[in-house]
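Visitor: mmCIF, C-alpha atoms, saved as structure18.cif, coming up:
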data_data
#
loop_
_atom_site.group_PDB
_atom_site.id
_atom_site.type_symbol
_atom_site.label_atom_id
_atom_site.label_comp_id
_atom_site.auth_asym_id
_atom_site.auth_seq_id
_atom_site.Cartn_x
_atom_site.Cartn_y
_atom_site.Cartn_z
ATOM 1 C CA MET J 1 97.977 49.452 2.284
ATOM 2 C CA ASP J 2 97.263 45.788 1.436
ATOM 3 C CA GLU J 3 94.237 43.907 2.633
ATOM 4 C CA GLN J 4 95.996 42.271 5.607
ATOM 5 C CA GLU J 5 97.279 45.577 6.973
ATOM 6 C CA TYR J 6 93.794 47.052 6.617
ATOM 7 C CA LEU J 7 92.274 44.171 8.586
ATOM 8 C CA ASN J 8 94.953 44.524 11.297
ATOM 9 C CA GLN J 9 94.225 48.239 11.654
ATOM 10 C CA ILE J 10 90.481 47.658 12.027
ATOM 11 C CA SER J 11 91.144 44.932 14.585
ATOM 12 C CA ALA J 12 93.364 47.248 16.637
ATOM 13 C CA GLU J 13 90.812 50.061 16.598
ATOM 14 C CA ASN J 14 88.018 47.785 17.789
ATOM 15 C CA ARG J 15 90.083 46.099 20.519
ATOM 16 C CA PRO J 16 88.724 47.124 24.046
ATOM 17 C CA VAL J 17 91.008 49.316 26.126
ATOM 18 C CA LYS J 18 92.232 47.592 29.276
ATOM 19 C CA LYS J 19 91.388 49.387 32.502
ATOM 20 C CA SER J 20 94.277 50.027 34.836
ATOM 21 C CA ARG J 21 94.474 47.827 37.887
ATOM 22 C CA ALA J 22 94.862 50.884 40.117
ATOM 23 C CA GLY J 23 91.555 52.312 38.889
ATOM 24 C CA GLY J 24 89.889 48.994 39.506
ATOM 25 C CA LEU J 25 91.252 48.817 43.019
ATOM 26 C CA PHE J 26 90.113 52.298 44.072
ATOM 27 C CA SER J 27 86.638 51.821 42.653
ATOM 28 C CA SER J 28 86.236 48.362 44.134
ATOM 29 C CA LYS J 29 83.913 47.396 46.977
ATOM 30 C CA ILE J 30 86.924 46.584 49.138
ATOM 31 C CA PHE J 31 88.231 50.142 48.907
ATOM 32 C CA MET J 32 84.782 51.533 49.698
ATOM 33 C CA ALA J 33 84.535 49.291 52.758
ATOM 34 C CA ILE J 34 87.956 50.442 53.957
ATOM 35 C CA GLY J 35 86.950 54.094 53.473
ATOM 36 C CA ILE J 36 83.722 53.620 55.422
ATOM 37 C CA GLY J 37 85.658 51.886 58.182
ATOM 38 C CA VAL J 38 88.140 54.755 58.479
ATOM 39 C CA VAL J 39 85.336 57.344 58.657
ATOM 40 C CA ALA J 40 83.515 55.290 61.296
ATOM 41 C CA LEU J 41 86.700 55.009 63.365
ATOM 42 C CA ILE J 42 87.232 58.785 63.229
ATOM 43 C CA LEU J 43 83.627 59.382 64.349
ATOM 44 C CA ILE J 44 84.033 56.950 67.244
ATOM 45 C CA ILE J 45 87.204 58.737 68.380
ATOM 46 C CA ILE J 46 85.495 62.149 68.183
ATOM 47 C CA ILE J 47 82.404 60.969 70.092
ATOM 48 C CA GLY J 48 84.562 59.274 72.728
ATOM 49 C CA SER J 49 86.552 62.465 73.163
ATOM 50 C CA ILE J 50 83.372 64.510 73.615
ATOM 51 C CA LEU J 51 81.939 62.065 76.155
ATOM 52 C CA GLY J 52 85.226 61.935 78.056
ATOM 53 C CA SER J 53 85.334 65.714 78.172
ATOM 54 C CA GLY J 54 81.781 65.784 79.548
ATOM 55 C CA LYS J 55 82.765 63.463 82.394
ATOM 56 C CA ASP J 56 85.780 65.613 83.216
ATOM 57 C CA ASP J 57 83.568 68.708 83.264
ATOM 58 C CA GLU J 58 81.068 67.006 85.570
ATOM 59 C CA LYS J 59 83.806 65.865 87.936
ATOM 60 C CA ASN J 60 85.469 69.286 88.023
ATOM 61 C CA LEU J 61 82.206 71.170 88.536
ATOM 62 C CA ALA J 62 81.101 68.815 91.298
ATOM 63 C CA THR J 63 84.509 69.005 92.982
ATOM 64 C CA THR J 64 84.626 72.799 92.800
ATOM 65 C CA LEU J 65 81.115 73.089 94.237
ATOM 66 C CA LYS J 66 81.877 70.609 97.019
ATOM 67 C CA LEU J 67 84.992 72.498 98.118
ATOM 68 C CA HIS J 68 83.163 75.841 97.870
ATOM 69 C CA LEU J 69 80.421 74.460 100.130
ATOM 70 C CA SER J 70 82.945 73.169 102.666
ATOM 71 C CA ASN J 71 84.914 76.426 102.772
ATOM 72 C CA THR J 72 81.837 78.609 103.166
ATOM 73 C CA THR J 73 80.551 76.367 105.966
ATOM 74 C CA GLU J 74 83.859 76.837 107.795
ATOM 75 C CA ILE J 75 83.571 80.614 107.469
ATOM 76 C CA ILE J 76 79.970 80.553 108.726
ATOM 77 C CA ASP J 77 81.116 78.571 111.778
ATOM 78 C CA LYS J 78 83.767 81.189 112.450
ATOM 79 C CA TYR J 79 81.776 84.409 111.960
ATOM 80 C CA GLN J 80 78.148 83.536 112.661
ATOM 81 C CA PRO J 81 78.661 83.729 116.473
ATOM 82 C CA GLU J 82 79.984 87.274 115.990
ATOM 83 C CA VAL J 83 76.836 88.473 114.180
ATOM 84 C CA LYS J 84 74.607 90.683 116.343
ATOM 85 C CA SER J 85 71.285 90.379 114.506
ATOM 86 C CA SER J 86 69.260 87.357 115.638
ATOM 87 C CA ASP J 87 67.441 87.266 112.271
ATOM 88 C CA LEU J 88 70.740 87.225 110.414
ATOM 89 C CA ARG J 89 72.093 84.483 112.670
ATOM 90 C CA SER J 90 68.944 82.441 112.027
ATOM 91 C CA SER J 91 69.293 82.831 108.257
ATOM 92 C CA SER J 92 72.961 81.944 108.546
ATOM 93 C CA ALA J 93 72.157 78.780 110.510
ATOM 94 C CA SER J 94 69.622 77.755 107.840
ATOM 95 C CA LEU J 95 72.197 78.388 105.137
ATOM 96 C CA LYS J 96 74.741 76.253 106.942
ATOM 97 C CA GLY J 97 72.219 73.408 107.112
ATOM 98 C CA VAL J 98 71.584 73.544 103.362
ATOM 99 C CA LEU J 99 75.290 73.716 102.536
ATOM 100 C CA THR J 100 76.118 70.819 104.859
ATOM 101 C CA ASN J 101 73.455 68.554 103.342
ATOM 102 C CA THR J 102 74.473 69.391 99.784
ATOM 103 C CA ASP J 103 78.124 68.824 100.673
ATOM 104 C CA LYS J 104 77.253 65.325 101.916
ATOM 105 C CA ASP J 105 75.287 64.523 98.767
ATOM 106 C CA LEU J 106 78.134 65.712 96.548
ATOM 107 C CA THR J 107 80.706 63.761 98.540
ATOM 108 C CA THR J 108 78.632 60.594 98.134
ATOM 109 C CA PHE J 109 78.282 61.180 94.388
ATOM 110 C CA LEU J 110 81.964 61.958 93.840
ATOM 111 C CA THR J 111 83.078 58.983 95.934
ATOM 112 C CA GLU J 112 80.783 56.490 94.197
ATOM 113 C CA VAL J 113 81.309 57.728 90.645
ATOM 114 C CA TYR J 114 84.854 59.137 90.668
ATOM 115 C CA GLU J 115 86.456 57.601 93.795
ATOM 116 C CA TYR J 116 86.900 61.112 95.204
ATOM 117 C CA ASN J 117 90.009 61.825 97.239
ATOM 118 C CA GLU J 118 90.617 65.420 98.334
ATOM 119 C CA LYS J 119 94.373 64.820 98.319
ATOM 120 C CA LYS J 120 94.182 64.101 94.578
ATOM 121 C CA VAL J 121 92.094 67.123 93.582
ATOM 122 C CA ASP J 122 93.486 69.151 90.683
ATOM 123 C CA GLN J 123 95.848 71.781 92.129
ATOM 124 C CA LYS J 124 94.359 74.503 89.935
ATOM 125 C CA ILE J 125 90.918 73.922 91.468
ATOM 126 C CA LEU J 126 92.378 73.930 94.981
ATOM 127 C CA ASP J 127 94.267 77.165 94.349
ATOM 128 C CA GLU J 128 91.192 78.967 93.010
ATOM 129 C CA ILE J 129 88.943 77.814 95.845
ATOM 130 C CA THR J 130 91.522 78.663 98.494
ATOM 131 C CA LEU J 131 92.043 82.134 97.025
ATOM 132 C CA GLU J 132 88.292 82.804 97.126
ATOM 133 C CA LYS J 133 88.041 81.581 100.712
ATOM 134 C CA ASP J 134 90.969 83.724 101.848
ATOM 135 C CA GLY J 135 89.451 86.780 100.175
ATOM 136 C CA LEU J 136 86.065 86.286 101.855
ATOM 137 C CA GLU J 137 87.622 85.669 105.250
ATOM 138 C CA SER J 138 89.806 88.759 104.919
ATOM 139 C CA GLU J 139 86.809 90.985 104.141
ATOM 140 C CA LEU J 140 84.786 89.615 107.038
ATOM 141 C CA PHE J 141 87.697 90.042 109.444
ATOM 142 C CA GLU J 142 88.113 93.651 108.366
ATOM 143 C CA ALA J 143 84.369 94.242 108.753
ATOM 144 C CA LYS J 144 84.482 92.772 112.243
ATOM 145 C CA ILE J 145 87.270 95.027 113.497
ATOM 146 C CA ASN J 146 85.512 98.037 111.929
ATOM 147 C CA GLY J 147 82.216 97.243 113.649
ATOM 148 C CA ILE J 148 80.214 96.606 110.449
ATOM 149 C CA LEU J 149 80.213 92.816 110.422
ATOM 150 C CA ASP J 150 76.437 92.319 110.162
ATOM 151 C CA ARG J 151 76.083 94.473 107.053
ATOM 152 C CA ILE J 152 79.086 92.966 105.275
ATOM 153 C CA TYR J 153 78.247 89.433 106.401
ATOM 154 C CA ALA J 154 74.741 89.697 104.929
ATOM 155 C CA HIS J 155 76.108 91.163 101.705
ATOM 156 C CA LYS J 156 78.766 88.469 101.355
ATOM 157 C CA MET J 157 76.391 85.609 102.147
ATOM 158 C CA ALA J 158 73.951 86.913 99.530
ATOM 159 C CA TYR J 159 76.809 86.858 97.035
ATOM 160 C CA GLU J 160 77.860 83.333 98.079
ATOM 161 C CA VAL J 161 74.279 82.097 97.695
ATOM 162 C CA SER J 162 74.094 83.596 94.194
ATOM 163 C CA MET J 163 77.332 81.809 93.293
ATOM 164 C CA PHE J 164 76.012 78.499 94.649
ATOM 165 C CA LEU J 165 72.836 78.921 92.596
ATOM 166 C CA SER J 166 74.898 79.447 89.456
ATOM 167 C CA GLU J 167 77.223 76.498 90.148
ATOM 168 C CA GLU J 168 74.354 74.151 91.001
ATOM 169 C CA SER J 169 72.446 75.185 87.879
ATOM 170 C CA ASP J 170 75.484 74.451 85.683
ATOM 171 C CA LEU J 171 75.961 71.033 87.265
ATOM 172 C CA MET J 172 72.259 70.133 87.026
ATOM 173 C CA ASN J 173 72.288 70.968 83.315
ATOM 174 C CA LEU J 174 75.384 68.836 82.742
ATOM 175 C CA THR J 175 74.907 65.709 84.842
ATOM 176 C CA LYS J 176 72.888 62.660 83.822
ATOM 177 C CA ASN J 177 72.876 61.290 87.372
ATOM 178 C CA GLU J 178 69.266 61.472 88.595
ATOM 179 C CA ALA J 179 70.133 61.211 92.307
ATOM 180 C CA LEU J 180 72.529 64.142 92.003
ATOM 181 C CA LYS J 181 69.986 66.170 90.035
ATOM 182 C CA GLU J 182 67.384 65.600 92.739
ATOM 183 C CA ALA J 183 69.771 66.615 95.528
ATOM 184 C CA LEU J 184 70.877 69.738 93.673
ATOM 185 C CA SER J 185 67.297 70.690 92.848
ATOM 186 C CA SER J 186 66.341 70.526 96.527
ATOM 187 C CA SER J 187 69.396 72.578 97.488
ATOM 188 C CA TYR J 188 68.699 75.115 94.729
ATOM 189 C CA ASN J 189 65.130 75.703 95.928
ATOM 190 C CA SER J 190 66.267 76.178 99.529
ATOM 191 C CA LEU J 191 69.001 78.611 98.507
ATOM 192 C CA GLU J 192 66.554 80.637 96.431
ATOM 193 C CA ASN J 193 64.363 81.047 99.500
ATOM 194 C CA LEU J 194 67.326 82.120 101.615
ATOM 195 C CA TYR J 195 68.764 84.613 99.147
ATOM 196 C CA ASN J 196 66.334 87.423 99.952
ATOM 197 C CA SER J 197 66.874 87.088 103.684
ATOM 198 C CA PHE J 198 70.503 88.077 103.140
ATOM 199 C CA ASN J 199 70.072 90.421 100.209
ATOM 200 C CA ASP J 200 67.273 92.425 101.888
ATOM 201 C CA PHE J 201 68.930 92.556 105.290
ATOM 202 C CA SER J 202 68.957 95.944 106.977
ATOM 203 C CA GLU J 203 70.455 96.816 110.336
ATOM 204 C CA THR J 204 67.629 99.291 110.910
ATOM 205 C CA LYS J 205 64.947 96.571 110.974
#
As structure tokens, how would this structure be written, given the file I've shared?
Guide:
Amino acid sequence: MDEQEYLNQISAENRPVKKSRAGGLFSSKIFMAIGIGVVALILIIIIGSILGSGKDDEKNLATTLKLHLSNTTEIIDKYQPEVKSSDLRSSSASLKGVLTNTDKDLTTFLTEVYEYNEKKVDQKILDEITLEKDGLESELFEAKINGILDRIYAHKMAYEVSMFLSEESDLMNLTKNEALKEALSSSYNSLENLYNSFNDFSETK
């Protein structure tokens, strides 16, 4: 190897290795900014989906409760006059008052927040509520013709009150609307007071 070849070899060995353009691109600030942007977009989509789901849950819970209140009020109107016990009729009248007021509050909330229209209620909700109403009415009708309406009426109203308490509790825990929370809290307290009057009813008293 002559002197020139030796110098060329040393020069080649000491020459810096060029970095690939691809590596430079992926490690660049631009790529990092794009990556952060994509992650942020995904997070926004996820959070929006969660918030949207929460609103749907609130609307569905409020709608279900409102229809349940309306249906039970109709049944009270139909069977309360047939009840023999004056104490049971009095408790029933108080219950109707609570349900009517809560129904009004829910209707106001649903109309203002969700532009409520009963004709546009989800069919699945309507079917479930109607099935429950038909079942309750059937049992009360059978109790009436068998002469045991008071006992069954008290039992069924205690059950309905317990269901209202559960539904109102779920909605209170979910909603951020302070006016609705206040209305539901008032209704909940009244229903709690009425529960024992139905649950502890005895025809021998």
Visitor: Please write the residues picked by the PyMOL selection byres ((chain J and resi 94) around 12) on this file as a ChimeraX atom specification.
Guide: /J:73,76,80,87-93,95-101,157,161,187,190-191,193-195,197-198
Visitor: With distances taken over only C-alpha atoms, which of J:Leu184, J:Ala62, J:Val83, J:Leu106 is nearest to J:Asp150?
Guide: J:Val83
Visitor: Which one of J:Lys176, J:Lys156, J:Lys104, J:Arg151 sits closest to J:Ser85 if you count only C-alpha atoms?
Guide: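 Once distances to J:Ser85 are computed over only C-alpha atoms, the minimum belongs to J:Arg151.
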Visitor: Rounded to one decimal in Å, what is the spacing between atom CA of J:Glu58 and atom CA of J:Leu126?
Guide: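 Here the two named atoms are 16.3 Å from each other.
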Visitor: Could you work out how far atom CA of J:Asp103 lies from atom CA of J:Lys84, giving the answer in Å with one decimal?
Guide: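 Going from atom CA of J:Lys84 over to atom CA of J:Asp103, I get 27.1 Å.
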Visitor: Using all atoms listed in the file, find the one residue out of J:Thr111, J:Thr175, J:Ser86, J:Asn189 that sits nearest to J:Leu61.
Guide: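 Selected residue with least distance to J:Leu61: J:Thr175.
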Visitor: How far is it from atom CA of J:Lys59 to atom CA of J:Leu136, in Å with one decimal?
Guide: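 Between these atoms lies a distance of 24.8 Å.
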Visitor: Considering all atoms listed in the file, return as a JSON list (two decimals) with C-alpha atoms, in the frame of the given file whatever protein or nucleic-acid residues lie within 12 Å of J:Val121, sequence-local ones (same chain, fewer than 5 positions apart) excluded.
Guide:
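selection-v3.json, freshly written:
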[["chain", "number", "residue", "atom", "x", "y", "z"],
["J", 59, "LYS", "CA", 83.81, 65.86, 87.94],
["J", 60, "ASN", "CA", 85.47, 69.29, 88.02],
["J", 61, "LEU", "CA", 82.21, 71.17, 88.54],
["J", 62, "ALA", "CA", 81.10, 68.82, 91.30],
["J", 63, "THR", "CA", 84.51, 69.00, 92.98],
["J", 64, "THR", "CA", 84.63, 72.80, 92.80],
["J", 66, "LYS", "CA", 81.88, 70.61, 97.02],
["J", 67, "LEU", "CA", 84.99, 72.50, 98.12],
["J", 110, "LEU", "CA", 81.96, 61.96, 93.84],
["J", 114, "TYR", "CA", 84.85, 59.14, 90.67],
["J", 115, "GLU", "CA", 86.46, 57.60, 93.80],
["J", 116, "TYR", "CA", 86.90, 61.11, 95.20],
["J", 126, "LEU", "CA", 92.38, 73.93, 94.98],
["J", 127, "ASP", "CA", 94.27, 77.17, 94.35],
["J", 128, "GLU", "CA", 91.19, 78.97, 93.01],
["J", 129, "ILE", "CA", 88.94, 77.81, 95.84]]
Visitor: Residues at most 9 Å from J:Met172, counting only C-alpha atoms, excluding those fewer than 3 positions away in the same chain, as a list in words?
Guide: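 Close residues of J:Met172: Glu167, Glu168, Ser169, Thr175, Lys176, Asn177, Leu180, Lys181, Glu182, Leu184 and Ser185 of chain J.
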Visitor: Restricting the calculation to all atoms listed in the file: of J:Ile75, J:Ala183, J:Leu69, J:Met163, which residue gets closest to J:Phe141?
Guide: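 Of the candidates, the smallest distance to J:Phe141 is held by J:Ile75.
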Visitor: Which is closest to J:Asn71 among J:Ile36, J:Val113, J:Ile30, J:Leu131, if we use only C-alpha atoms?
Guide: J:Leu131
Visitor: Determine the nearest neighbour of J:Leu171 from the options J:Tyr153, J:Asn146, J:Tyr188, J:Asp77, counting all atoms listed in the file.
Guide: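 The closest residue to J:Leu171 is J:Tyr188.
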